[in-house]
6 protein chains.
Amino acid sequence: MADAHLRRLLEWALEEDIGPGDVTTLPLVPPHRKGRARIIAKEPMILAGLDVVREVFLLLDAHLTILASSMEGESVDAGTVVFEAEGNLRALLMGERTALNFLQRLCGIATRAAGYVKAVKGKKARIVDTRKTTPGWRSLEKHAVRVGGAQNHRMGLYDGVLIKDNHIQVCGGVREAVTRMKACACHLHKIEVEAADLQQVREAVEAGADVIMLDNMDMDQIKEAVEYIQGRALVEVSGRVKKEALGRLAECGVDLISIGALTHSARSVDLSMDIRPID
Amino acid sequence: MADAHLRRLLEWALEEDIGPGDVTTLPLVPPHRKGRARIIAKEPMILAGLDVVREVFLLLDAHLTILASSMEGESVDAGTVVFEAEGNLRALLMGERTALNFLQRLCGIATRAAGYVKAVKGKKARIVDTRKTTPGWRSLEKHAVRVGGAQNHRMGLYDGVLIKDNHIQVCGGVREAVTRMKACACHLHKIEVEAADLQQVREAVEAGADVIMLDNMDMDQIKEAVEYIQGRALVEVSGRVKKEALGRLAECGVDLISIGALTHSARSVDLSMDIRPID
Amino acid sequence: MADAHLRRLLEWALEEDIGPGDVTTLPLVPPHRKGRARIIAKEPMILAGLDVVREVFLLLDAHLTILASSMEGESVDAGTVVFEAEGNLRALLMGERTALNFLQRLCGIATRAAGYVKAVKGKKARIVDTRKTTPGWRSLEKHAVRVGGAQNHRMGLYDGVLIKDNHIQVCGGVREAVTRMKACACHLHKIEVEAADLQQVREAVEAGADVIMLDNMDMDQIKEAVEYIQGRALVEVSGRVKKEALGRLAECGVDLISIGALTHSARSVDLSMDIRPID
Amino acid sequence: MADAHLRRLLEWALEEDIGPGDVTTLPLVPPHRKGRARIIAKEPMILAGLDVVREVFLLLDAHLTILASSMEGESVDAGTVVFEAEGNLRALLMGERTALNFLQRLCGIATRAAGYVKAVKGKKARIVDTRKTTPGWRSLEKHAVRVGGAQNHRMGLYDGVLIKDNHIQVCGGVREAVTRMKACACHLHKIEVEAADLQQVREAVEAGADVIMLDNMDMDQIKEAVEYIQGRALVEVSGRVKKEALGRLAECGVDLISIGALTHSARSVDLSMDIRPID
Amino acid sequence: MADAHLRRLLEWALEEDIGPGDVTTLPLVPPHRKGRARIIAKEPMILAGLDVVREVFLLLDAHLTILASSMEGESVDAGTVVFEAEGNLRALLMGERTALNFLQRLCGIATRAAGYVKAVKGKKARIVDTRKTTPGWRSLEKHAVRVGGAQNHRMGLYDGVLIKDNHIQVCGGVREAVTRMKACACHLHKIEVEAADLQQVREAVEAGADVIMLDNMDMDQIKEAVEYIQGRALVEVSGRVKKEALGRLAECGVDLISIGALTHSARSVDLSMDIRPID
Amino acid sequence: MADAHLRRLLEWALEEDIGPGDVTTLPLVPPHRKGRARIIAKEPMILAGLDVVREVFLLLDAHLTILASSMEGESVDAGTVVFEAEGNLRALLMGERTALNFLQRLCGIATRAAGYVKAVKGKKARIVDTRKTTPGWRSLEKHAVRVGGAQNHRMGLYDGVLIKDNHIQVCGGVREAVTRMKACACHLHKIEVEAADLQQVREAVEAGADVIMLDNMDMDQIKEAVEYIQGRALVEVSGRVKKEALGRLAECGVDLISIGALTHSARSVDLSMDIRPID
């Protein structure tokens with residue numbers, strides 16, 4: 001997690017929720033009153049984002065005492081207390097919603113990722129994410145994906161080369177695009193290229209692409225492509241893959257299956273926070 | 001939409017995706033090449049966030065020409081071209097993913113909101129959102145909720161009073177909490193208080209609460225509460241309401257139904273962008 | 001006080017005064033020399049802003065020791081030492097002016113607010129502030145108003161509804177404006193409307209306004225309006241109220257008297273700082 | 001005026017007042033409705049801050065048309081229309097308060113400065129301001145002082161040397177402090193030193209100080225000091241000078257009279273804004 | 001060039017130089033006076049950073065007219081006018097130094113890079129830069145390197161894998177480090193590893209490293225390593241390479257020569273700006 | 001050093017290098033592993049910037065223990081360990097390059113400054129820097145200049161008056177420019193003016209300039225100017241002075257020699273960092 005970015009997002013999130021002040025809590029809760037907060041999983045899940053929760057509360061109360069915390073990546077059952085802290089009661093009340101808003105989404109992503117990974121267990125195919133993340137949250141969501149056992153595709157447009165149909169069209173073909181890129185890419189970057197059909201797969205292999213993304217091909221085309229490529233490049237399949245179809249897809253021999261739904265459609269999992277004043 | 005916040009979020013989103021530069025597009029696409037982009041709905045939906053899309057592209061190319069755009073709030077069918085623009089091809093390629101990441105989520109929220117609103121059509125109950133929004137996105141998501149025809153609950157802790165169980169516990173009871181708040185709240189704010197049972201409902205009414213939130217009550221309790229209150233306060237029900245149960249809930253005579261799932265579990269709807277170089 | 005905003009303002013204030021460095025203190029005062037600072041009230045006053053003073057010095061010397069501090073809201077006589085601290089001498093010298101610039105103004109506001117509140121003692125009328133605050137200082141100045149015993153009107157345009165003459169003109173009348181607002185306002189917000197004459201007061205009451213602001217009416221009109229309203233709405237009077245006239249105004253039975261001069265014309269009260277090097 | 005700072009302050013001021021949105025104006029005023037705003041002086045004054053007003057409105061409506069504007073520094077009578085603009089009605093309504101909050105204070109400072117300058121007309125003494133400015137506003141307030149015809153003392157601790165009693169105490173005397181500073185000050189900076197009595201004045205002159213600030217001396221002491229110095233250094237008098245005493249002070253032959261009240265106690269002058277929708 | 005970062009750096013640079021205002025130019029040059037500025041190369045050079053110059057002036061005068069500009073990357077002789085613009089005279093005077101401070105350094109880097117590239121002309125070895133850049137300037141300096149015809153190594157720690165001696169030590173050997181990294185690196189990243197001797201080179205090849213950096217080896221060792229590797233990995237040599245030795249180094253058959261001096265020790269080349277008022 | 005600016009630059013520098021995360025270190029080095037880092041001078045030098053190094057590492061690991069550090073300004077030989085710290089190994093690895101990038105440049109400037117100062121030892125001439133600094137680094141570089149024993153010219157355009165040829169041209173002559181400036185400059189600022197020939201020197205002296213900069217004059221002209229001025233103003237010579245010529249220049253009797261190369265062409269000196277994991 002990139003700390004400066006994370007802190008910026010958390011400060012923003014708190015400012016967005018608290019603004020110039022909590023008009024209910026400030027007049028009703030004395031400034032020095034203490035409280036204890038417990039976060040409880042209400043369904044089975046993989047935990048991700050516990051650091052974020054801790055940071056949210058520490059931003060509001062630098063003297064917070066963390067009494068207990070599950071491990072990042074832990075698989076817990078409904079009813080588990082995953083985080084417990086003691087501190088300023090106003091801080092706990094003012095941070096509750098923000099902390100849960102982060103945690104529920106990140107655990108949702110980790111849990112979903114773990115499910116996909118399980119579906120291809122034993123196959124060589126790796127599950128990877130995409131750039132279909134929530135704007136502002138990319139580092140966090142990619143972290144949750146890793147926590148759930150899947151792997152990250154590139155972080156953004158800046159750290160990996162992926163030649164798409166538009167680039168191909170501008171360059172005049174797969175061969176031309178790959179060749180041109182090989183001449184100028186950073187020597188630490190592999191070159192991935194999208195292929196819409198077998199003809200493009202052939203061009204990509206011949207031009208020396210390192211990774212080939214099979215775009216919207218059916219199972220038969222995918223098998224044919226994998227056979228043609230024969231390990232000369234890594235093979236990625238992308239697109240709207242149903243979880244049930246993952247196993248069969250993996251059996252085609254692909255190296256990577258990228259799934260946008262890992263992040264863009266993750267469900268918020270159910271976690272609740274219980275806060276009690278203490279004397 | 002708060003413009004300064006929005007711009008900050010968009011700049012952040014672009015920085016997060018593009019960072020120090022798109023390592024594929026910069027070497028393959030000439031700097032002055034032009035292109036045309038069209039965004040197409042792939043399923044029926046209510047549109048929200050078209051301004052965001054426009055801003056994303058304008059941030060990357062101040063000279064972009066917008067050729068066509070659907071209306072915010074419009075209900076469109078699969079296949080509709082909802083946005084079309086012409087401009088710098090690099091800018092279009094570099095903004096594509098960010099624009100879609102925003103648009104798909106915001107349309108998802110508006111579409112879901114419209115569905116809920118339809119389910120209570122003809123009843124007095126209004127559908128309202130909650131603070132269970134994506135941190136960093138509150139203004140945007142609350143905007144999408146309004147676009148879908150539902151209404152906003154408070155924006156944050158700062159612009160509306162809502163006395164929750166923890167506040168009640170600190171004050172020593174519903175009556176004490178409401179009374180104390182009436183003495184110090186801004187004269188422009190109504191006072192809403194959570195009630196866990198009918199006894200608390202009675203105390204709230206007697207203490208002069210303006211709005212009473214019935215927390216986790218079943219249909220019978222809700223009906224009883226509404227009958228007891230008899231318009232002396234607005235009645236809000238909250239909690240995990242299934243869409244199918246909304247109609248029956250509305251028939252209980254409640255004034256407001258608040259639904260966290262409007263924002264925390266909205267599905268990304270399917271939209272695609274088609275970019276072509278032009279000469 | 002909203003901490004992130006406050007810190008931003010304090011950092012700005014220090015940057016504005018110190019810039020790239022104090023060209024007198026840096027060469028003349030050794031970096032590790034210690035000093036003691038005492039702030040002394042030079043006239044009777046209500047104290048507000050002591051936290052700000054502490055923060056200013058802590059920003060310059062994280063190891064500052066605070067030896068004594070009066071209480072926020074305390075009423076002190078001339079000669080009282082209201083704050084005493086020991087720390088890095090350079091930090092004390094470089095923070096002196098900024099600390100006093102904040103403190104003198106905030107104490108001035110609290111003192112003035114207390115004077116107004118005293119003038120209506122025993123009446124139901126509350127003294128409230130306005131949005132006529134120093135840009136950048138709203139939270140601080142509204143805090144000082146509360147410290148002085150008066151109450152806050154809305155914080156800004158975002159947390160309370162106040163329909164003014166221009167809105168009425170656009171909507172076509174008081175009735176139309178209030179009615180339209182009732183249909184769309186957040187259910188936690190009351191609706192306040194300006195009325196320029198009794199006809200508008202009547203329309204406002206009939207349309208169901210929660211608060212009516214009597215704009216520039218004389219005492220007789222105010223009395224007539226209060227009698228007509230008979231508690232069906234809260235009554236606010238605004239405008240340039242002389243302190244001497246407050247008692248009579250309160251006797252008219254109004255609920256709120258809003259006074260811009262509380263913040264826009266508060267005099268800096270006299271406080272001095274005494275700094276001595278220690279060995 | 002330092003543009004980056006100014007813009008930052010204006011954006012802050014607007015954010016502080018408007019936050020996530022004007023809950024009255026947005027629902028009542030259609031987004032494309034136009035309006036005209038006129039700012040009118042309600043008392044005689046010297047104008048300062050018209051640029052700020054323009055910037056405030058341009059930040060809210062980049063297409064604003066300015067129809068008329070008085071000149072910065074102009075002396076106007078009650079009733080003068082000092083600014084007139086046409087643009088988006090929402091923008092005008094949302095910027096009104098912020099624009100006036102700036103303008104009233106800045107005109108107040110310029111008007112007060114002009115009064116002081118007039119009081120010493122024909123004497124060699126210049127009226128200068130101090131660092132007793134509103135934190136966050138220093139550039140603006142120093143600008144208003146210049147507009148009113150007075151001059152600026154140093155902008156902050158960074159652009160001018162002023163050796164105060166604390167520095168003298170640390171160095172072991174006026175002579176030692178001035179001598180040490182002469183050895184290391186930037187060659188573009190003169191050296192000013194505070195003198196509490198004639199003995200210190202003598203030391204300062206002998207050590208080669210360029211400017212001597214007579215601190216809290218009475219008229220006789222000031223005359224004696226001026227006579228002793230005989231032009232070997234500039235003479236500044238500081239402290240709480242009543243406006244009526246300025247003339248006599250100037251006759252003592254001092255070069256500079258610095259007055260904190262120019263900025264820390266300037267009264268907001270009376271200006272109003274009239275906004276009308278246009279068709 | 002990453003625009004948001006660039007703008008932030010330029011604004012910072014201007015703030016750093018101009019601060020609250022140019023105390024010489026503001027009183028001496030009337031606000032609306034126009035001027036013309038010409039930048040002239042005083043020695044032969046490769047141009048880099050002309051966009052930066054333009055942006056600096058546009059930030060100070062949005063209405064600047066650019067009359068002429070050489071091409072980025074152009075090789076010019078002493079005496080060439082490389083940039084000419086007309087605009088607000090104050091803006092030109094206030095931006096002059098900042099513009100030249102950027103331009104002189106960036107042209108210096110491009111010119112130096114071009115010299116190195118020339119020295120290996122005809123060989124397969126590419127000249128690449130390092131992370132030894134001026135903090136805050138990385139994008140700019142890497143841009144200048146490309147303009148000069150050399151290539152970029154990774155932008156930072158985030159976009160390329162380079163296993164250094166410390167990583168090897170932690171992992172327990174080259175083999176272990178490379179193997180572990182292959183299991184978890186993004187599939188778009190190649191794996192580069194430092195090798196201190198031939199034993200480590202062998203391990204690296206066997207473990208499947210994509211790039212091997214020969215660290216501080218002499219010519220004989222380098223030749224031996226290249227022969228051993230035989231194209232199974234790219235070979236980078238790094239370290240303090242004298243320009244005269246580049247040719248011989250390239251003849252060893254290495255693929256990449258990385259040179260920190262490209263950026264950390266580039267000389268400012270000589271460019272001057274000539275500004276004249278126009279009527 | 002201005003702390004807020006410095007911190008901003010350091011955070012930027014780290015963000016620029018680390019971005020969303022170090023893709024080599026994060027997977028290979030366990031999060032809680034400790035390490036020890038030593039920075040070693042590889043050539044004789046004057047040290048400057050040790051605080052910056054400490055801050056860089058503390059930003060990455062707030063619990064870093066500093067075991068040893070040379071003194072700012074110390075003159076050290078090759079082989080000296082100038083800084084030693086123990087802390088989180090990831091933090092040390094991720095901060096290494098940034099710390100060195102700062103330190104090497106700042107020590108380079110201090111070392112160069114010390115060399116120039118030595119060259120005029122025993123003469124009254126002071127060596128001063130210029131505004132030819134690295135944008136973003138001005139405070140740091142001017143600090144390094146002082147550490148090396150030279151003095152600072154003005155920090156920027158805002159804290160010292162320097163009338164250049166363009167200003168003279170606008171005003172219509174040296175006499176007019178100086179006279180006008182004397183009427184409006186802050187009383188704490190001396191007035192420096194550029195003179196291109198003896199005629200301008202004479203005008204400057206007669207108009208009462210405090211400092212005269214002899215622009216591009218040869219030794220004979222300089223001597224003649226110094227003789228003419230006879231102490232009535234300080235004399236600065238500027239321009240491309242070779243280090244060897246400094247002694248003779250100083251013998252001409254000038255007061256200040258300003259040298260842009262102190263900052264714009266300082267060589268990075270050789271320092272290395274040695275990091276070892278500890279158990």
# chains A, B, ... in the order shown; residues from 1 in each chain; ligands from 1
>>> select_by_dssp(residues="segment 7-86 of chain F", states="strand (DSSP E)", output="list in words")
Lys34, Gly35, Arg36, Ala37, Arg38, Ile39, Ile40, Ala41, Met45, Ile46, Thr65, Ile66, Leu67, Ala68, Ser69, Ser75, Val76, Val81, Val82, Phe83, Glu84, Ala85 and Glu86 of chain F
>>> write_last_selection(atoms="C-alpha atoms", output="PDB file, in the first residue's frame")
ATOM      1  CA  LYS F  34      15.517  -4.802  10.283  1.00  0.00           C
ATOM      2  CA  GLY F  35      18.624  -3.398   8.659  1.00  0.00           C
ATOM      3  CA  ARG F  36      21.510  -1.040   9.161  1.00  0.00           C
ATOM      4  CA  ALA F  37      22.587   1.628   6.691  1.00  0.00           C
ATOM      5  CA  ARG F  38      25.864   3.513   6.531  1.00  0.00           C
ATOM      6  CA  ILE F  39      26.651   6.393   4.228  1.00  0.00           C
ATOM      7  CA  ILE F  40      30.314   6.716   3.342  1.00  0.00           C
ATOM      8  CA  ALA F  41      32.142   9.618   1.738  1.00  0.00           C
ATOM      9  CA  MET F  45      34.028  16.968   0.911  1.00  0.00           C
ATOM     10  CA  ILE F  46      32.109  19.469   3.022  1.00  0.00           C
ATOM     11  CA  THR F  65      17.279   4.876  15.174  1.00  0.00           C
ATOM     12  CA  ILE F  66      20.100   7.157  14.155  1.00  0.00           C
ATOM     13  CA  LEU F  67      23.334   5.690  15.410  1.00  0.00           C
ATOM     14  CA  ALA F  68      25.757   8.306  14.214  1.00  0.00           C
ATOM     15  CA  SER F  69      25.858  11.395  12.070  1.00  0.00           C
ATOM     16  CA  SER F  75      34.961  18.665   6.271  1.00  0.00           C
ATOM     17  CA  VAL F  76      35.532  14.929   5.863  1.00  0.00           C
ATOM     18  CA  VAL F  81      31.144   7.137   7.665  1.00  0.00           C
ATOM     19  CA  VAL F  82      28.982  10.237   7.736  1.00  0.00           C
ATOM     20  CA  PHE F  83      25.645   8.730   8.727  1.00  0.00           C
ATOM     21  CA  GLU F  84      24.573   5.460  10.258  1.00  0.00           C
ATOM     22  CA  ALA F  85      21.070   4.324  11.126  1.00  0.00           C
ATOM     23  CA  GLU F  86      19.149   1.208  12.000  1.00  0.00           C
TER      24      GLU F  86
END
>>> residues_around(residues="segment 132-144 of chain B", least_positions_apart="4", cutoff="8 Å", atoms="only C-alpha atoms", output="list in words")
Leu9, Leu10, Trp12, Ala13, Glu16, Arg97, Thr98, Asn101, Phe102 and Gly136 of chain A; Met1, Ala2, Leu6, Leu9, Ala48, Gly49, Leu106, Cys107, Ile109, Ala110, Gly148, Asn152, Met155, Gly260, Ala261, Thr263 and His264 of chain B; Pro20 of chain D
>>> residues_around(residues="Glu74 of chain A", least_positions_apart="3", cutoff="8 Å", atoms="only C-alpha atoms", output="PyMOL selection string")
chain A and resi 46-47+70-71
>>> write_last_selection(atoms="C-alpha atoms", output="compact mmCIF listing (two decimals), in the first residue's frame")
# COMPACT_ATOMS: atom_id res chain seq x y z
CA ILE A 46 -11.52 -13.20 3.81
CA LEU A 47 -10.32 -10.11 5.65
CA SER A 70 -7.37 -10.43 13.02
CA MET A 71 -4.68 -11.01 10.42
>>> atom_distance(atom1="atom CA of Pro27 of chain A", atom2="atom CA of Ile168 of chain B")
12.3 Å
>>> residues_around(residues="segment 57-59 of chain E", least_positions_apart="6", cutoff="8 Å", atoms="only C-alpha atoms", output="list in words")
Glu11, Ala91, Leu92, Gly95 and Ala99 of chain E
>>> write_last_selection(atoms="N, CA, C and O atoms", output="mmCIF file, in the first residue's frame")
data_model
loop_
_atom_site.group_PDB
_atom_site.id
_atom_site.type_symbol
_atom_site.label_atom_id
_atom_site.label_comp_id
_atom_site.auth_asym_id
_atom_site.auth_seq_id
_atom_site.Cartn_x
_atom_site.Cartn_y
_atom_site.Cartn_z
ATOM 1 N N GLU E 11 4.540 25.542 -10.753
ATOM 2 C CA GLU E 11 3.928 26.482 -9.807
ATOM 3 C C GLU E 11 4.808 26.641 -8.578
ATOM 4 O O GLU E 11 4.972 27.734 -8.044
ATOM 5 N N ALA E 91 5.241 39.739 -16.540
ATOM 6 C CA ALA E 91 5.272 38.278 -16.580
ATOM 7 C C ALA E 91 6.596 37.780 -17.150
ATOM 8 O O ALA E 91 7.197 36.829 -16.650
ATOM 9 N N LEU E 92 7.055 38.436 -18.202
ATOM 10 C CA LEU E 92 8.317 38.006 -18.823
ATOM 11 C C LEU E 92 9.477 38.185 -17.838
ATOM 12 O O LEU E 92 10.318 37.297 -17.680
ATOM 13 N N GLY E 95 9.268 35.624 -14.985
ATOM 14 C CA GLY E 95 9.437 34.216 -15.340
ATOM 15 C C GLY E 95 10.820 33.890 -15.893
ATOM 16 O O GLY E 95 11.198 32.722 -15.982
ATOM 17 N N ALA E 99 12.379 30.093 -16.022
ATOM 18 C CA ALA E 99 12.396 29.436 -17.332
ATOM 19 C C ALA E 99 13.815 29.002 -17.691
ATOM 20 O O ALA E 99 14.045 27.864 -18.134
#
>>> residues_around(residues="Cys186 of chain C", least_positions_apart="6", cutoff="10 Å", atoms="only C-alpha atoms", output="PyMOL selection string")
(chain B and resi 128+151-155+159-160+190) or (chain C and resi 159-161) or (chain D and resi 23)
>>> write_last_selection(atoms="N, CA, C and O atoms", output="PDB file, in the first residue's frame")
ATOM      1  N   VAL B 128     -34.723   6.876   0.318  1.00  0.00           N
ATOM      2  CA  VAL B 128     -33.550   7.735   0.558  1.00  0.00           C
ATOM      3  C   VAL B 128     -32.293   6.878   0.701  1.00  0.00           C
ATOM      4  O   VAL B 128     -32.362   5.682   1.027  1.00  0.00           O
ATOM      5  N   GLN B 151     -34.199  10.129  -3.051  1.00  0.00           N
ATOM      6  CA  GLN B 151     -33.768  11.352  -2.375  1.00  0.00           C
ATOM      7  C   GLN B 151     -32.579  11.077  -1.467  1.00  0.00           C
ATOM      8  O   GLN B 151     -32.289   9.932  -1.126  1.00  0.00           O
ATOM      9  N   ASN B 152     -31.938  12.154  -1.098  1.00  0.00           N
ATOM     10  CA  ASN B 152     -30.767  12.011  -0.240  1.00  0.00           C
ATOM     11  C   ASN B 152     -31.120  12.161   1.224  1.00  0.00           C
ATOM     12  O   ASN B 152     -31.841  13.079   1.606  1.00  0.00           O
ATOM     13  N   HIS B 153     -30.567  11.294   2.030  1.00  0.00           N
ATOM     14  CA  HIS B 153     -30.541  11.506   3.476  1.00  0.00           C
ATOM     15  C   HIS B 153     -29.447  12.560   3.697  1.00  0.00           C
ATOM     16  O   HIS B 153     -28.970  13.179   2.736  1.00  0.00           O
ATOM     17  N   ARG B 154     -29.020  12.794   4.910  1.00  0.00           N
ATOM     18  CA  ARG B 154     -28.000  13.817   5.128  1.00  0.00           C
ATOM     19  C   ARG B 154     -26.730  13.485   4.331  1.00  0.00           C
ATOM     20  O   ARG B 154     -26.444  12.330   4.039  1.00  0.00           O
ATOM     21  N   MET B 155     -25.951  14.513   3.963  1.00  0.00           N
ATOM     22  CA  MET B 155     -24.719  14.314   3.204  1.00  0.00           C
ATOM     23  C   MET B 155     -23.633  13.700   4.077  1.00  0.00           C
ATOM     24  O   MET B 155     -22.794  12.940   3.613  1.00  0.00           O
ATOM     25  N   ASP B 159     -24.441  17.869   8.488  1.00  0.00           N
ATOM     26  CA  ASP B 159     -25.574  18.653   7.990  1.00  0.00           C
ATOM     27  C   ASP B 159     -26.934  18.112   8.414  1.00  0.00           C
ATOM     28  O   ASP B 159     -27.960  18.507   7.844  1.00  0.00           O
ATOM     29  N   GLY B 160     -26.955  17.224   9.386  1.00  0.00           N
ATOM     30  CA  GLY B 160     -28.231  16.720   9.857  1.00  0.00           C
ATOM     31  C   GLY B 160     -28.018  15.980  11.166  1.00  0.00           C
ATOM     32  O   GLY B 160     -26.987  15.329  11.357  1.00  0.00           O
ATOM     33  N   LYS B 190     -33.792  19.670  11.940  1.00  0.00           N
ATOM     34  CA  LYS B 190     -34.718  18.798  12.637  1.00  0.00           C
ATOM     35  C   LYS B 190     -33.932  17.769  13.425  1.00  0.00           C
ATOM     36  O   LYS B 190     -32.739  17.558  13.201  1.00  0.00           O
TER      37      LYS B 190
ATOM     38  N   ASP C 159     -25.722  23.394   4.778  1.00  0.00           N
ATOM     39  CA  ASP C 159     -26.283  22.650   5.902  1.00  0.00           C
ATOM     40  C   ASP C 159     -27.559  23.255   6.471  1.00  0.00           C
ATOM     41  O   ASP C 159     -27.980  22.880   7.569  1.00  0.00           O
ATOM     42  N   GLY C 160     -28.189  24.153   5.725  1.00  0.00           N
ATOM     43  CA  GLY C 160     -29.445  24.709   6.197  1.00  0.00           C
ATOM     44  C   GLY C 160     -30.112  25.456   5.055  1.00  0.00           C
ATOM     45  O   GLY C 160     -29.435  26.052   4.222  1.00  0.00           O
ATOM     46  N   VAL C 161     -31.436  25.397   5.034  1.00  0.00           N
ATOM     47  CA  VAL C 161     -32.186  26.028   3.948  1.00  0.00           C
ATOM     48  C   VAL C 161     -32.620  27.423   4.381  1.00  0.00           C
ATOM     49  O   VAL C 161     -33.243  27.578   5.433  1.00  0.00           O
TER      50      VAL C 161
ATOM     51  N   VAL D  23     -27.983  24.169  -0.570  1.00  0.00           N
ATOM     52  CA  VAL D  23     -29.223  23.380  -0.519  1.00  0.00           C
ATOM     53  C   VAL D  23     -30.475  24.206  -0.775  1.00  0.00           C
ATOM     54  O   VAL D  23     -31.560  23.652  -0.937  1.00  0.00           O
TER      55      VAL D  23
END
>>> atom_distance(atom1="atom CA of Glu251 of chain E", atom2="atom CA of Lys118 of chain E")
14.0 Å
>>> atom_distance(atom1="atom CA of Leu214 of chain F", atom2="atom CA of Gly21 of chain E")
25.1 Å
>>> residues_around(residues="Arg90 of chain A", least_positions_apart="3", cutoff="7 Å", atoms="only C-alpha atoms", output="PyMOL selection string")
chain A and resi 25+29+31+93-94
>>> write_last_selection(atoms="all heavy atoms", output="JSON list (two decimals), in the first residue's frame")
[["chain", "number", "residue", "atom", "x", "y", "z"],
["A", 25, "THR", "N", -22.91, 14.21, 17.56],
["A", 25, "THR", "CA", -22.00, 13.70, 18.58],
["A", 25, "THR", "C", -21.36, 14.81, 19.41],
["A", 25, "THR", "O", -21.24, 14.68, 20.63],
["A", 25, "THR", "CB", -20.89, 12.86, 17.88],
["A", 25, "THR", "OG1", -21.52, 11.75, 17.24],
["A", 25, "THR", "CG2", -19.85, 12.37, 18.86],
["A", 29, "VAL", "N", -21.86, 14.01, 23.28],
["A", 29, "VAL", "CA", -20.82, 13.16, 23.88],
["A", 29, "VAL", "C", -19.70, 14.04, 24.41],
["A", 29, "VAL", "O", -19.11, 14.81, 23.66],
["A", 29, "VAL", "CB", -20.28, 12.16, 22.83],
["A", 29, "VAL", "CG1", -19.16, 11.32, 23.42],
["A", 29, "VAL", "CG2", -21.40, 11.28, 22.30],
["A", 31, "PRO", "N", -16.16, 15.55, 25.50],
["A", 31, "PRO", "CA", -14.93, 15.42, 24.72],
["A", 31, "PRO", "C", -13.95, 14.37, 25.22],
["A", 31, "PRO", "O", -13.19, 13.81, 24.44],
["A", 31, "PRO", "CB", -14.30, 16.82, 24.78],
["A", 31, "PRO", "CG", -15.04, 17.56, 25.85],
["A", 31, "PRO", "CD", -16.38, 16.92, 25.98],
["A", 93, "LEU", "N", -17.15, 7.12, 17.29],
["A", 93, "LEU", "CA", -18.45, 7.35, 16.65],
["A", 93, "LEU", "C", -18.29, 8.06, 15.30],
["A", 93, "LEU", "O", -19.01, 7.76, 14.35],
["A", 93, "LEU", "CB", -19.34, 8.19, 17.58],
["A", 93, "LEU", "CG", -19.82, 7.46, 18.84],
["A", 93, "LEU", "CD1", -20.46, 8.45, 19.82],
["A", 93, "LEU", "CD2", -20.82, 6.36, 18.48],
["A", 94, "MET", "N", -17.33, 8.96, 15.23],
["A", 94, "MET", "CA", -17.16, 9.72, 13.99],
["A", 94, "MET", "C", -16.42, 8.92, 12.91],
["A", 94, "MET", "O", -16.52, 9.23, 11.73],
["A", 94, "MET", "CB", -16.44, 11.02, 14.28],
["A", 94, "MET", "CG", -17.36, 12.01, 15.02],
["A", 94, "MET", "SD", -16.46, 13.31, 15.92],
["A", 94, "MET", "CE", -15.94, 14.33, 14.57]]
>>> closest_residue(among="A:Pro44, A:Gly115, A:Gly149, A:Gly231", to="chain E", atoms="only C-alpha atoms")
A:Gly149
